[in-house]
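Colleague: Take this structure, written in structure tokens, and hold onto it; I'll ask about it next.
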2 protein chains.
Amino acid sequence: MQIDYLDPRSGATFPLDQPRWCGPDRAPLMLTPLPGLTRTQIDAGLRSLWRYRAAFPLAVEQPITLGEGCTPLIARRIGGVSTLLKCEWLNPTCSFKDRGASVMLSLLRAQGITAVLEDSSGNGGAAVSCYAAAGGMAATILTPESTSPAKTVQMRAHGATVDLIPGTRQDTADAAVARSESIFYASHNWHPFFLHGTKTLAYELWEDLGFRAPDNIITPCGAGSNVLGCGIGFAELLRAGEIDTLPRIFAAQPANCAPIGTAFLAGAEDAVPTTIAPTMAEGTAIAHPVRMREVLGILRETNGGAVMLDEAEIAAATLDLARAGVYVEPTSAQASAAFGKLLETGTITPEQTTVLVMTGTGLKATPRIAELLGIGL
Amino acid sequence: MQIDYLDPRSGATFPLDQPRWCGPDRAPLMLTPLPGLTRTQIDAGLRSLWRYRAAFPLAVEQPITLGEGCTPLIARRIGGVSTLLKCEWLNPTCSFKDRGASVMLSLLRAQGITAVLEDSSGNGGAAVSCYAAAGGMAATILTPESTSPAKTVQMRAHGATVDLIPGTRQDTADAAVARSESIFYASHNWHPFFLHGTKTLAYELWEDLGFRAPDNIITPCGAGSNVLGCGIGFAELLRAGEIDTLPRIFAAQPANCAPIGTAFLAGAEDAVPTTIAPTMAEGTAIAHPVRMREVLGILRETNGGAVMLDEAEIAAATLDLARAGVYVEPTSAQASAAFGKLLETGTITPEQTTVLVMTGTGLKATPRIAELLGIGL
């Protein structure tokens with residue numbers, strides 16, 4: 001089967017065997033639809049997301065793997081209602097970003113790429129640094145100057161070159177694009193191979209649930225790589241005849257930075273004007289998501305939605321989860337806060353199977369959590 | 001089959017249905033030998049260490065579980081030699097201590113205990129706080145006054161009462177023993193149920209390897225809960241007829257705090273005088289291990305050994321692992337440093353199957369790793 005890069009807005013395609021991170025006019029690319037896999041094609045002997053490699057766009061002889069994926073799906077009660085938590089912080093760098101990094105860098109290395117550029121202030125940079133190191137690739141990570149040095153320690157320990165960029169997160173992204181002529185831009189926000197890593201979350205939930213899709217998935221949403229990954233993965237499972245209906249996908253965003261939520265509720269197909277303020281849910285503080293239209297499309301096609309959360313709601317959900325034994329960053333706790341609101345409005349019901357995606361560990365947010373507890377560090 | 005608490009030094013036994021943490025004279029207790037399990041008794045549908053519950057000393061209807069265990073065993077080359085890393089930081093609180101905490105607190109709760117006392121300055125306290133929260137139990141954690149506030153944030157987020165004790169780590173342990181009359185002392189160093197959690201590491205390695213024991217296991221060793229856990233678990237598998245020989249178990253300790261290594265190399269059966277100095281391998285900075293004799297016994301019975309590492313060796317191993325994509329705390333990196341030394345001396349050989357236990361994430365040691373990289377925080 002022929003697989004190409006696809007610009008979903010123009011319909012233009014580009015051959016997959018020539019590495020690229022965008023279209024000629026800097027349009028974000030997806031891939032043409034893949035057939036997905038059936039349950040008999042799972043390589044059940046592998047304890048990593050590479051058990052689903054039959055669903056990847058390229059065959060890779062030597063994946064860069066550190067045991068990513070196969071995370072626990074645990075039953076917990078949230079506000080008295082049973083739900084399922086997908087514990088994505090039990091990944092090598094302690095966030096879901098490892099799914100994308102493992103697949104993206106494995107495929108790019110197989111195509112001859114030996115050095116990569118990434119921009120990030122958090123989990124994405126940690127994951128790309130880690131997998132580049134594991135795969136013997138050179139990594140350059142651009143981060144906002146304001147990034148806490150603690151976050152850059154992990155990237156530097158992995159041997160990445162870390163360049164601090166003055167200004168905002170957007171300035172850092174712009175600097176990366178400007179440098180993309182001289183080093184391959186393996187951006188977790190831009191490269192479609194990254195999404196074919198995050199799509200393994202869909203395959204895994206389907207397998208965890210005995211080859212069924214859940215009714216609802218609620219995930220924190222910044223640039224939307226989990227929304228897009230679940231959208232792609234479940235669409236493939238539908239195409240492969242393994243499920244009958246798509247799960248509803250809900251995006252949880254901080255009210256202080258909710259470009260997707262705002263556009264969704266306005267019924268728009270692309271960005272609408274929003275105001276942006278600081279938020280403790282820093283993993284979702286993305287003012288200009290690269291694939292806004294595609295994310296909105298998935299929320300609509302799956303009959304899902306968007307939930308915006310104020311800072312007090314995010315704080316309360318973070319502490320409630322910790323007091324129930326689940327230590328995640330405020331970014332992740334948004335899924336739990338959104339679950340409560342969707343139940344309240346009757347958008348979802350308690351007897352449905354709902355999965356909350358817990359994207360990253362609380363250990364990456366110690367100062368914020370200390371603040372919520374009123375403890376000085 | 002009758003299972004009792006056992007004082008291995010006197011041979012005295014005590015009934016298991018009366019909760020206790022030590023013998024009448026404060027002797028550390030083990031359990032009388034358990035029969036272990038066979039491969040057909042594994043509950044293969046469970047993605048947690050509770051798949052091995054048939055090997056536990058008590059039946060528990062409602063375990064306190066967050067998906068602990070089932071961690072990746074990944075192949076890596078260390079110094080040009082192939083080895084296997086057991087990635088124990090992919091546990092709910094990001095360290096191996098969750099194995100012990102899940103089993104210990106589940107069994108104690110089933111016996112009616114509702115509030116527990118623990119002393120720790122790190123991973124043990126985090127694990128007990130987390131599982132107490134998950135199980136609706138009250139936890140009081142005593143920590144040395146000098147403990148970094150960042151470490152206590154996680155415990156406090158889980159709702160634990162954290163009491164800072166002036167003086168050394170030993171003073172904190174003494175304070176806990178003194179308070180053990182008023183609240184049940186569920187100590188990760190004292191309670192034998194904890195070891196029946198860490199023994200699942202042995203079961204898991206055996207299953208990971210296609211129901212074989214590895215030739216060698218190298219683990220960081222402070223109080224010795226992984227040495228003891230592996231000793232107990234593999235002895236049970238031998239008793240159950242599932243393996244023919246025990247793997248050799250090696251303890252890695254910092255030269256600056258090596259009571260077990262020093263006693264082992266002196267051929268002693270119990271503690272010998274040693275000097276103690278600060279070490280970056282803080283998880284293994286235990287001057288007076290509670291079960292010194294039992295740990296030494298396992299190292300000898302399995303034809304294993306002890307390796308002592310200077311600070312420069314620990315530092316180099318930490319950075320070498322990170323540059324290969326494995327971000328663990330210096331405590332964990334000792335297993336890798338010891339691997340190199342055991343190969344050098346010919347104690348083990350490259351073609352053998354050797355497992356290095358990677359006990360905790362580098363995210364818990366950011367300031368130390370920054371120091372190794374020469375970065376100011």
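In the structure tokens, the first chain shown is A, the next is B, and so on; residue numbers restart at 1 for each chain, and ligands run from 1 in the order shown.
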So that each row is one residue of chain B with an atom at most 7 Å from chain A, can you give its shortest atom pair and the distance in Å to one decimal, using only C-alpha atoms, rows by chain and rising number, as CSV?
Modeller:
residue,atom,partner,partner_atom,distance
B:Arg47,CA,A:Pro72,CA,6.8
B:Leu66,CA,A:Ile74,CA,6.2
B:Gly67,CA,A:Pro72,CA,5.2
B:Pro72,CA,A:Gly67,CA,5.2
B:Ile74,CA,A:Leu66,CA,6.3
B:Leu90,CA,A:Leu90,CA,4.8
B:Asn91,CA,A:Leu90,CA,6.2
B:Pro92,CA,A:Leu90,CA,6.7
B:Cys130,CA,A:Gly325,CA,4.6
B:Tyr131,CA,A:Gly325,CA,6.1
B:Ala133,CA,A:Gly325,CA,5.0
B:Ala134,CA,A:Gly325,CA,4.3
B:Pro149,CA,A:Leu377,CA,5.7
B:Ala150,CA,A:Thr366,CA,6.4
B:Val153,CA,A:Ala370,CA,5.8
B:Ala157,CA,A:Ala322,CA,5.6
B:His158,CA,A:Arg323,CA,4.5
B:Gly159,CA,A:Arg323,CA,5.6
B:Leu319,CA,A:Ala157,CA,6.5
B:Ala322,CA,A:His158,CA,4.9
B:Arg323,CA,A:His158,CA,4.5
B:Ala324,CA,A:Ala134,CA,4.7
B:Gly325,CA,A:Ala134,CA,4.3
B:Leu363,CA,A:Leu363,CA,6.7
B:Thr366,CA,A:Ala150,CA,6.4
B:Ala370,CA,A:Val153,CA,5.8
B:Leu377,CA,A:Pro149,CA,5.7
Colleague: Skipping near chain neighbours, those fewer than 2 positions away, what residues fall within 9 Å of Leu142 (chain A) using only C-alpha atoms, listed as a PDB file with N, CA and C atoms, in the first residue's frame?
Modeller:
ATOM      1  N   LEU A 117      16.717  18.512  15.375  1.00  0.00           N
ATOM      2  CA  LEU A 117      16.408  19.757  16.072  1.00  0.00           C
ATOM      3  C   LEU A 117      14.996  19.635  16.642  1.00  0.00           C
ATOM      4  N   GLU A 118      14.813  20.154  17.863  1.00  0.00           N
ATOM      5  CA  GLU A 118      13.489  20.115  18.504  1.00  0.00           C
ATOM      6  C   GLU A 118      13.333  21.401  19.304  1.00  0.00           C
ATOM      7  N   ASP A 119      12.099  21.860  19.490  1.00  0.00           N
ATOM      8  CA  ASP A 119      11.894  22.971  20.427  1.00  0.00           C
ATOM      9  C   ASP A 119      10.853  22.560  21.449  1.00  0.00           C
ATOM     10  N   SER A 120      11.122  22.891  22.684  1.00  0.00           N
ATOM     11  CA  SER A 120      10.271  22.410  23.771  1.00  0.00           C
ATOM     12  C   SER A 120      10.693  23.090  25.046  1.00  0.00           C
ATOM     13  N   SER A 121       9.788  23.165  25.991  1.00  0.00           N
ATOM     14  CA  SER A 121      10.215  23.596  27.311  1.00  0.00           C
ATOM     15  C   SER A 121       9.968  22.507  28.338  1.00  0.00           C
ATOM     16  N   GLY A 125      10.906  17.861  24.895  1.00  0.00           N
ATOM     17  CA  GLY A 125      12.358  17.960  24.814  1.00  0.00           C
ATOM     18  C   GLY A 125      13.062  16.840  25.557  1.00  0.00           C
ATOM     19  N   THR A 140      19.633  18.747  19.170  1.00  0.00           N
ATOM     20  CA  THR A 140      19.709  20.141  19.603  1.00  0.00           C
ATOM     21  C   THR A 140      18.308  20.556  20.034  1.00  0.00           C
ATOM     22  N   PRO A 144      12.760  28.063  25.758  1.00  0.00           N
ATOM     23  CA  PRO A 144      12.657  29.463  26.187  1.00  0.00           C
ATOM     24  C   PRO A 144      13.677  29.741  27.294  1.00  0.00           C
ATOM     25  N   THR A 161      22.435  19.224  23.006  1.00  0.00           N
ATOM     26  CA  THR A 161      22.837  20.624  23.016  1.00  0.00           C
ATOM     27  C   THR A 161      21.584  21.434  23.308  1.00  0.00           C
ATOM     28  N   VAL A 162      21.598  22.192  24.387  1.00  0.00           N
ATOM     29  CA  VAL A 162      20.419  22.964  24.768  1.00  0.00           C
ATOM     30  C   VAL A 162      20.710  24.446  24.536  1.00  0.00           C
ATOM     31  N   ASP A 163      19.927  25.086  23.689  1.00  0.00           N
ATOM     32  CA  ASP A 163      20.093  26.524  23.420  1.00  0.00           C
ATOM     33  C   ASP A 163      18.922  27.298  23.996  1.00  0.00           C
ATOM     34  N   LEU A 164      19.224  28.262  24.851  1.00  0.00           N
ATOM     35  CA  LEU A 164      18.171  29.078  25.465  1.00  0.00           C
ATOM     36  C   LEU A 164      17.846  30.255  24.551  1.00  0.00           C
ATOM     37  N   ILE A 165      16.558  30.442  24.265  1.00  0.00           N
ATOM     38  CA  ILE A 165      16.104  31.484  23.345  1.00  0.00           C
ATOM     39  C   ILE A 165      15.357  32.566  24.129  1.00  0.00           C
ATOM     40  N   THR A 172      10.622  30.846  20.649  1.00  0.00           N
ATOM     41  CA  THR A 172      11.458  29.632  20.569  1.00  0.00           C
ATOM     42  C   THR A 172      11.041  28.792  19.364  1.00  0.00           C
ATOM     43  N   ALA A 173       9.743  28.633  19.183  1.00  0.00           N
ATOM     44  CA  ALA A 173       9.251  27.864  18.032  1.00  0.00           C
ATOM     45  C   ALA A 173       9.702  28.526  16.729  1.00  0.00           C
ATOM     46  N   ALA A 175      12.313  30.402  16.282  1.00  0.00           N
ATOM     47  CA  ALA A 175      13.762  30.204  16.150  1.00  0.00           C
ATOM     48  C   ALA A 175      14.074  28.813  15.606  1.00  0.00           C
ATOM     49  N   ALA A 176      13.294  27.839  16.025  1.00  0.00           N
ATOM     50  CA  ALA A 176      13.516  26.469  15.543  1.00  0.00           C
ATOM     51  C   ALA A 176      13.220  26.383  14.043  1.00  0.00           C
TER      52      ALA A 176
END
Colleague: For Leu246 (chain B), please output as a PyMOL selection string all residues within 10 Å (counting only C-alpha atoms; exclusion window: fewer than 3 positions along the same chain).
Modeller: chain B and resi 213-216+230-231+233-235+237-238+243+249+301-304
Colleague: Given only C-alpha atoms as the basis, pick out the residue of A:Met137, A:Ala281, A:Met308, A:Leu105 nearest to Glu329 (chain A).
Modeller: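 Smallest separation from Glu329 (chain A) among the options: A:Ala281.
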Colleague: Using only C-alpha atoms, which of A:Leu37, A:Ala287, A:Phe14, A:Gln111 sits nearest Val272 (chain A)?
Modeller: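 The shortest atom-to-atom distance to Val272 (chain A) comes from A:Ala287.
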Colleague: Considering only C-alpha atoms, state which residue in the set B:Leu29, B:Ala315, B:Met280, B:Met1 is at the smallest distance from Glu294 (chain B).
Modeller: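 Selected residue with least distance to Glu294 (chain B): B:Leu29.
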Colleague: Interatomic distance between CA of Leu343 (chain A) and CA of Val81 (chain A)?
Modeller: 9.3 Å
